[in-house]
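Asker: Quick one, start_35.tsv (TSV, C-alpha atoms):
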```
chain	number	residue	atom	x	y	z
A	71	VAL	CA	-3.54	104.42	-45.58
A	72	CYS	CA	-5.18	104.41	-48.97
A	73	ILE	CA	-8.94	104.89	-48.94
A	74	ARG	CA	-10.77	105.24	-52.22
A	75	ASP	CA	-14.09	106.97	-52.74
A	76	SER	CA	-16.92	104.50	-52.55
A	77	PRO	CA	-18.84	103.93	-55.77
A	78	ALA	CA	-22.34	105.35	-56.17
A	79	PRO	CA	-22.92	106.83	-52.69
A	80	ALA	CA	-26.46	107.95	-53.58
A	81	LEU	CA	-27.33	104.44	-54.79
A	82	ARG	CA	-25.88	102.88	-51.63
A	83	ALA	CA	-27.85	105.35	-49.48
A	84	ALA	CA	-31.08	104.50	-51.29
A	85	PHE	CA	-30.37	100.77	-50.93
A	86	THR	CA	-29.64	101.26	-47.22
A	87	ARG	CA	-32.95	103.10	-46.73
A	88	ALA	CA	-34.79	100.33	-48.60
A	89	CYS	CA	-33.15	97.69	-46.38
A	90	GLY	CA	-34.15	99.66	-43.29
A	91	THR	CA	-37.74	99.87	-44.53
A	92	ALA	CA	-37.82	96.14	-45.27
A	93	LEU	CA	-36.36	95.22	-41.88
A	94	THR	CA	-38.83	97.49	-40.13
A	95	ALA	CA	-41.78	96.03	-42.04
A	96	THR	CA	-40.81	92.53	-40.89
A	97	GLY	CA	-40.55	93.61	-37.25
A	98	MET	CA	-36.86	92.71	-37.04
A	99	PRO	CA	-35.74	95.75	-35.02
A	100	ARG	CA	-38.22	94.98	-32.24
A	101	ALA	CA	-37.59	91.24	-32.35
A	102	LEU	CA	-33.79	91.24	-32.56
A	103	GLY	CA	-32.50	94.77	-31.94
A	104	PRO	CA	-32.22	94.62	-28.14
A	105	THR	CA	-30.75	91.09	-28.16
A	106	LEU	CA	-28.17	91.95	-30.82
A	107	ARG	CA	-27.22	95.17	-29.04
A	108	ARG	CA	-26.70	93.38	-25.73
A	109	ALA	CA	-24.67	90.64	-27.42
A	110	SER	CA	-22.44	93.17	-29.18
A	111	VAL	CA	-21.80	95.02	-25.91
A	112	ARG	CA	-20.93	91.76	-24.13
A	113	LEU	CA	-18.54	90.81	-26.94
A	114	SER	CA	-16.96	94.29	-26.91
A	115	ARG	CA	-16.21	94.28	-23.19
A	116	ALA	CA	-13.56	92.51	-21.18
A	117	GLY	CA	-15.71	89.90	-19.47
A	118	SER	CA	-18.45	92.24	-18.33
A	119	ALA	CA	-22.17	92.40	-18.95
A	120	ASP	CA	-24.14	95.22	-20.49
A	121	PRO	CA	-24.77	97.83	-17.74
A	122	ALA	CA	-27.77	99.44	-19.47
A	123	PRO	CA	-31.21	98.63	-18.06
A	124	TYR	CA	-33.11	96.21	-20.28
A	125	ALA	CA	-36.13	98.50	-20.57
A	126	LEU	CA	-33.93	101.29	-21.94
A	127	VAL	CA	-32.19	98.95	-24.39
A	128	ARG	CA	-35.55	97.63	-25.62
A	129	ARG	CA	-37.03	101.13	-25.95
A	130	THR	CA	-33.98	102.36	-27.87
A	131	TYR	CA	-32.77	99.41	-29.95
A	132	GLY	CA	-36.19	97.95	-30.67
A	133	THR	CA	-37.05	100.85	-32.98
A	134	SER	CA	-36.81	101.31	-36.70
A	135	ARG	CA	-34.82	104.48	-36.04
A	136	SER	CA	-31.97	102.52	-34.42
A	137	ALA	CA	-32.00	99.91	-37.17
A	138	ARG	CA	-31.82	102.58	-39.86
A	139	ALA	CA	-29.04	104.43	-38.04
A	140	LEU	CA	-27.01	101.23	-37.70
A	141	LEU	CA	-27.40	100.44	-41.38
A	142	ALA	CA	-26.51	104.01	-42.40
A	143	GLU	CA	-23.43	104.01	-40.18
A	144	HIS	CA	-22.09	100.82	-41.68
A	145	ALA	CA	-22.96	101.84	-45.24
A	146	THR	CA	-21.08	105.15	-44.94
A	147	TYR	CA	-18.14	104.11	-42.77
A	148	ALA	CA	-15.64	104.02	-45.65
A	149	ASP	CA	-16.84	107.41	-46.92
A	150	VAL	CA	-16.42	109.02	-43.49
A	151	ALA	CA	-12.97	107.45	-43.11
A	152	ALA	CA	-11.94	108.85	-46.51
A	153	GLN	CA	-13.22	112.30	-45.52
A	154	LEU	CA	-11.25	112.14	-42.28
A	155	VAL	CA	-8.06	111.25	-44.16
A	156	TYR	CA	-8.69	114.20	-46.49
A	157	VAL	CA	-9.29	116.62	-43.60
A	158	ARG	CA	-6.16	115.43	-41.79
A	159	ARG	CA	-4.10	116.03	-44.93
A	160	GLN	CA	-5.55	119.51	-45.44
A	161	PHE	CA	-5.45	120.74	-41.85
A	162	THR	CA	-2.95	120.05	-39.12
A	163	LEU	CA	-3.72	120.06	-35.44
A	164	PRO	CA	-2.75	123.34	-33.78
A	165	ALA	CA	0.76	123.27	-32.34
A	166	GLY	CA	0.77	122.46	-28.66
A	167	LEU	CA	-2.74	120.99	-28.65
A	168	PRO	CA	-2.58	118.02	-26.29
A	169	VAL	CA	-3.69	114.78	-27.88
A	170	THR	CA	-3.80	111.33	-26.31
A	171	VAL	CA	-4.50	108.02	-28.01
A	172	LEU	CA	-5.86	105.55	-25.45
A	173	ALA	CA	-5.78	102.05	-26.90
A	174	ALA	CA	-7.85	99.31	-25.32
A	175	GLY	CA	-6.93	95.67	-25.30
A	176	ALA	CA	-3.69	93.77	-25.60
A	177	GLU	CA	-3.74	92.50	-29.19
A	178	ARG	CA	-0.29	93.30	-30.61
A	179	ARG	CA	-1.34	94.31	-34.14
A	180	TRP	CA	-4.07	96.66	-32.85
A	181	LEU	CA	-1.69	98.30	-30.38
A	182	GLU	CA	0.92	98.80	-33.11
A	183	ARG	CA	-1.65	100.52	-35.32
A	184	GLN	CA	-2.79	102.76	-32.47
A	185	ARG	CA	0.83	103.60	-31.58
A	186	ALA	CA	1.42	104.56	-35.23
A	187	LEU	CA	-1.70	106.76	-35.14
A	188	ALA	CA	-0.39	108.48	-32.02
A	189	GLY	CA	2.90	109.07	-33.81
A	190	ARG	CA	1.17	110.63	-36.84
A	191	LEU	CA	-0.85	112.90	-34.54
A	192	GLY	CA	2.10	113.79	-32.31
A	193	ALA	CA	0.06	112.33	-29.46
A	194	GLU	CA	0.83	110.64	-26.21
A	195	PHE	CA	0.15	106.90	-26.43
A	196	ARG	CA	-1.47	105.05	-23.53
A	197	THR	CA	-2.90	101.58	-23.18
A	198	SER	CA	-5.67	100.05	-21.15
A	199	PRO	CA	-4.80	96.37	-21.60
A	200	GLU	CA	-7.58	95.07	-19.34
A	201	ALA	CA	-10.27	96.81	-21.39
A	202	GLY	CA	-12.21	95.60	-24.37
A	203	HIS	CA	-13.36	97.82	-27.25
A	204	LEU	CA	-15.71	99.70	-24.93
A	205	VAL	CA	-12.91	101.05	-22.73
A	206	MET	CA	-15.20	103.75	-21.32
A	207	LEU	CA	-17.33	101.00	-19.73
A	208	ASP	CA	-14.55	98.60	-18.75
A	209	ARG	CA	-12.02	101.12	-17.42
A	210	PRO	CA	-13.67	104.54	-17.03
A	211	HIS	CA	-10.88	105.62	-14.67
A	212	ASP	CA	-8.32	105.12	-17.51
A	213	VAL	CA	-10.37	107.45	-19.73
A	214	ALA	CA	-10.77	110.01	-16.93
A	215	ARG	CA	-7.04	109.88	-16.14
A	216	ALA	CA	-6.14	110.44	-19.81
A	217	VAL	CA	-8.37	113.54	-19.86
A	218	LEU	CA	-7.32	114.88	-16.47
A	219	ASP	CA	-3.63	114.49	-17.29
A	220	LEU	CA	-3.89	116.76	-20.34
A	221	ASP	CA	-2.02	120.03	-20.01
A	222	LEU	CA	-4.36	122.53	-21.61
A	223	GLY	CA	-2.25	125.55	-20.72
A	224	PRO	CA	-2.73	128.43	-18.31
A	225	ALA	CA	-5.89	129.80	-19.97
A	226	THR	CA	-7.87	126.71	-18.92
A	227	ARG	CA	-6.56	126.38	-15.35
A	228	PRO	CA	-8.76	127.61	-12.51
A	229	ALA	CA	-7.55	130.63	-10.57
A	230	PRO	CA	-5.88	129.77	-7.22
```
Turn the structure described in the file into C-alpha cells.
Answerer:
Amino acid sequence: VCIRDSPAPALRAAFTRACGTALTATGMPRALGPTLRRASVRLSRAGSADPAPYALVRRTYGTSRSARALLAEHATYADVAAQLVYVRRQFTLPAGLPVTVLAAGAERRWLERQRALAGRLGAEFRTSPEAGHLVMLDRPHDVARAVLDLDLGPATRPAP
C-alpha cells in the first residue's frame, strides 16, 4: 500500500470549513441530512432498513455540526490512512494480542483484501457473508461472537 501525503492539508481544511459554512447557510443539512443519512444506511445494509428513530436522525443529521463532521472526515481520510500506515510500520502489535478481522459481505475482491489485512496483522480472519458494510447492524451476533471468542489470557478471565 502506497499512500502519499496529501498536498496542502491546511488549505484543504480551510476549504472544507468554508464548504461547511456555505452548506449550512443554504439550509442543506436540515433539508437533506436526515434523508441522505437514511439512504446511506439502507445502501450499506443487507436488505434492511435504518433502525434509528426518525426523530433522532433528524435531530442529529439535520445539524451543521454533522455536515461539517462529514466533510472533515472525507477531506482527511487519506491523511488518516497515511498516518495509520506510518504507525503500523513504526510499532508492531504486542505478541500474543488476539486480533480478529471480521469481513462483511461476499464480494471476492473485498474479502481478498481483508484476508490479506488479517495476514499482515497476524489476525484470525472471519466472514459475515450475509452482512452489508454495517455488519454491526445486520449481524450483531457475528460481531459479539468474534469478541467473545477472543482468548485474552488468564489475567482477564473471571475467577471461578
Asker: Near Leu187 of chain A, within 12 Å and counting all atoms listed in the file, which residues show up once chain neighbours fewer than 3 positions away are dropped, as a list of chain:residue names?
Answerer: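 The residues satisfying every condition are A:Val71, A:Val155, A:Arg158, A:Val169, A:Thr170, A:Val171, A:Leu172, A:Ala173, A:Trp180, A:Leu181, A:Glu182, A:Arg183, A:Gln184, A:Arg190, A:Leu191, A:Gly192, A:Ala193, A:Glu194, A:Phe195, A:Arg196.
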Asker: Considering all atoms listed in the file, can you say which of A:Phe85, A:Leu204, A:Pro79, A:Asp221 comes closest to Val150 of chain A?
Answerer: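 Among the listed residues, A:Pro79 lies closest to Val150 of chain A.
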Asker: Any idea what's packed within 9 Å of segment 125-128 of chain A, counting all atoms listed in the file, ignoring anything in its chain fewer than 2 positions away? Could you give it as a PDB file with C-alpha atoms, in the coordinates of the input?
Answerer:
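After the write, result02.pdb holds the following:
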```
ATOM      1  CA  ARG A 100     -38.220  94.980 -32.240  1.00  0.00           C
ATOM      2  CA  GLY A 103     -32.500  94.770 -31.940  1.00  0.00           C
ATOM      3  CA  PRO A 104     -32.220  94.620 -28.140  1.00  0.00           C
ATOM      4  CA  THR A 105     -30.750  91.090 -28.160  1.00  0.00           C
ATOM      5  CA  ARG A 107     -27.220  95.170 -29.040  1.00  0.00           C
ATOM      6  CA  ARG A 108     -26.700  93.380 -25.730  1.00  0.00           C
ATOM      7  CA  ALA A 122     -27.770  99.440 -19.470  1.00  0.00           C
ATOM      8  CA  PRO A 123     -31.210  98.630 -18.060  1.00  0.00           C
ATOM      9  CA  THR A 130     -33.980 102.360 -27.870  1.00  0.00           C
ATOM     10  CA  TYR A 131     -32.770  99.410 -29.950  1.00  0.00           C
ATOM     11  CA  GLY A 132     -36.190  97.950 -30.670  1.00  0.00           C
ATOM     12  CA  THR A 133     -37.050 100.850 -32.980  1.00  0.00           C
TER      13      THR A 133
END
```
Asker: Could you please determine the separation between atom CA of Ala119 of chain A and atom CA of Met98 of chain A in Å, to one decimal place?
Answerer: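 Distance reported for this atom pair: 23.3 Å.
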Asker: If we count only C-alpha atoms, what is near Asp120 of chain A at a cut-off of 9 Å, once residues fewer than 5 positions away on the same chain are taken out, given as a list of chain:residue names?
Answerer: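 In the requested format, the answer is A:Arg108, A:Ala109, A:Val111, A:Arg112, A:Arg115, A:Leu207.
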Asker: So, with all atoms listed in the file as the atoms that count, which of A:Thr91, A:Ala174, A:Arg185, A:Gly166 lies closest to Asp212 of chain A?
Answerer: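 Ranked by minimum distance to Asp212 of chain A, first place goes to A:Ala174.
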Asker: Grab the atom CA of Pro99 of chain A to atom CA of Ala145 of chain A distance for me, in Å with one decimal place.
Answerer: 17.5 Å
Asker: Have a look at A:Ala78, A:Val157, A:Arg87, A:Arg215 and name the one nearest to Ala139 of chain A; count only C-alpha atoms.
Answerer: A:Arg87
Asker: Between A:Val205, A:Gln160, A:Thr146, A:Asp219, which one has atoms that come closest to Ser118 of chain A, using only C-alpha atoms?
Answerer: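 Closest candidate: A:Val205.
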Asker: Please compute the atom CA of His203 of chain A-atom CA of Ala151 of chain A distance, one decimal, in Å.
Answerer: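 So the two atoms, atom CA of His203 of chain A and atom CA of Ala151 of chain A, lie 18.6 Å apart.
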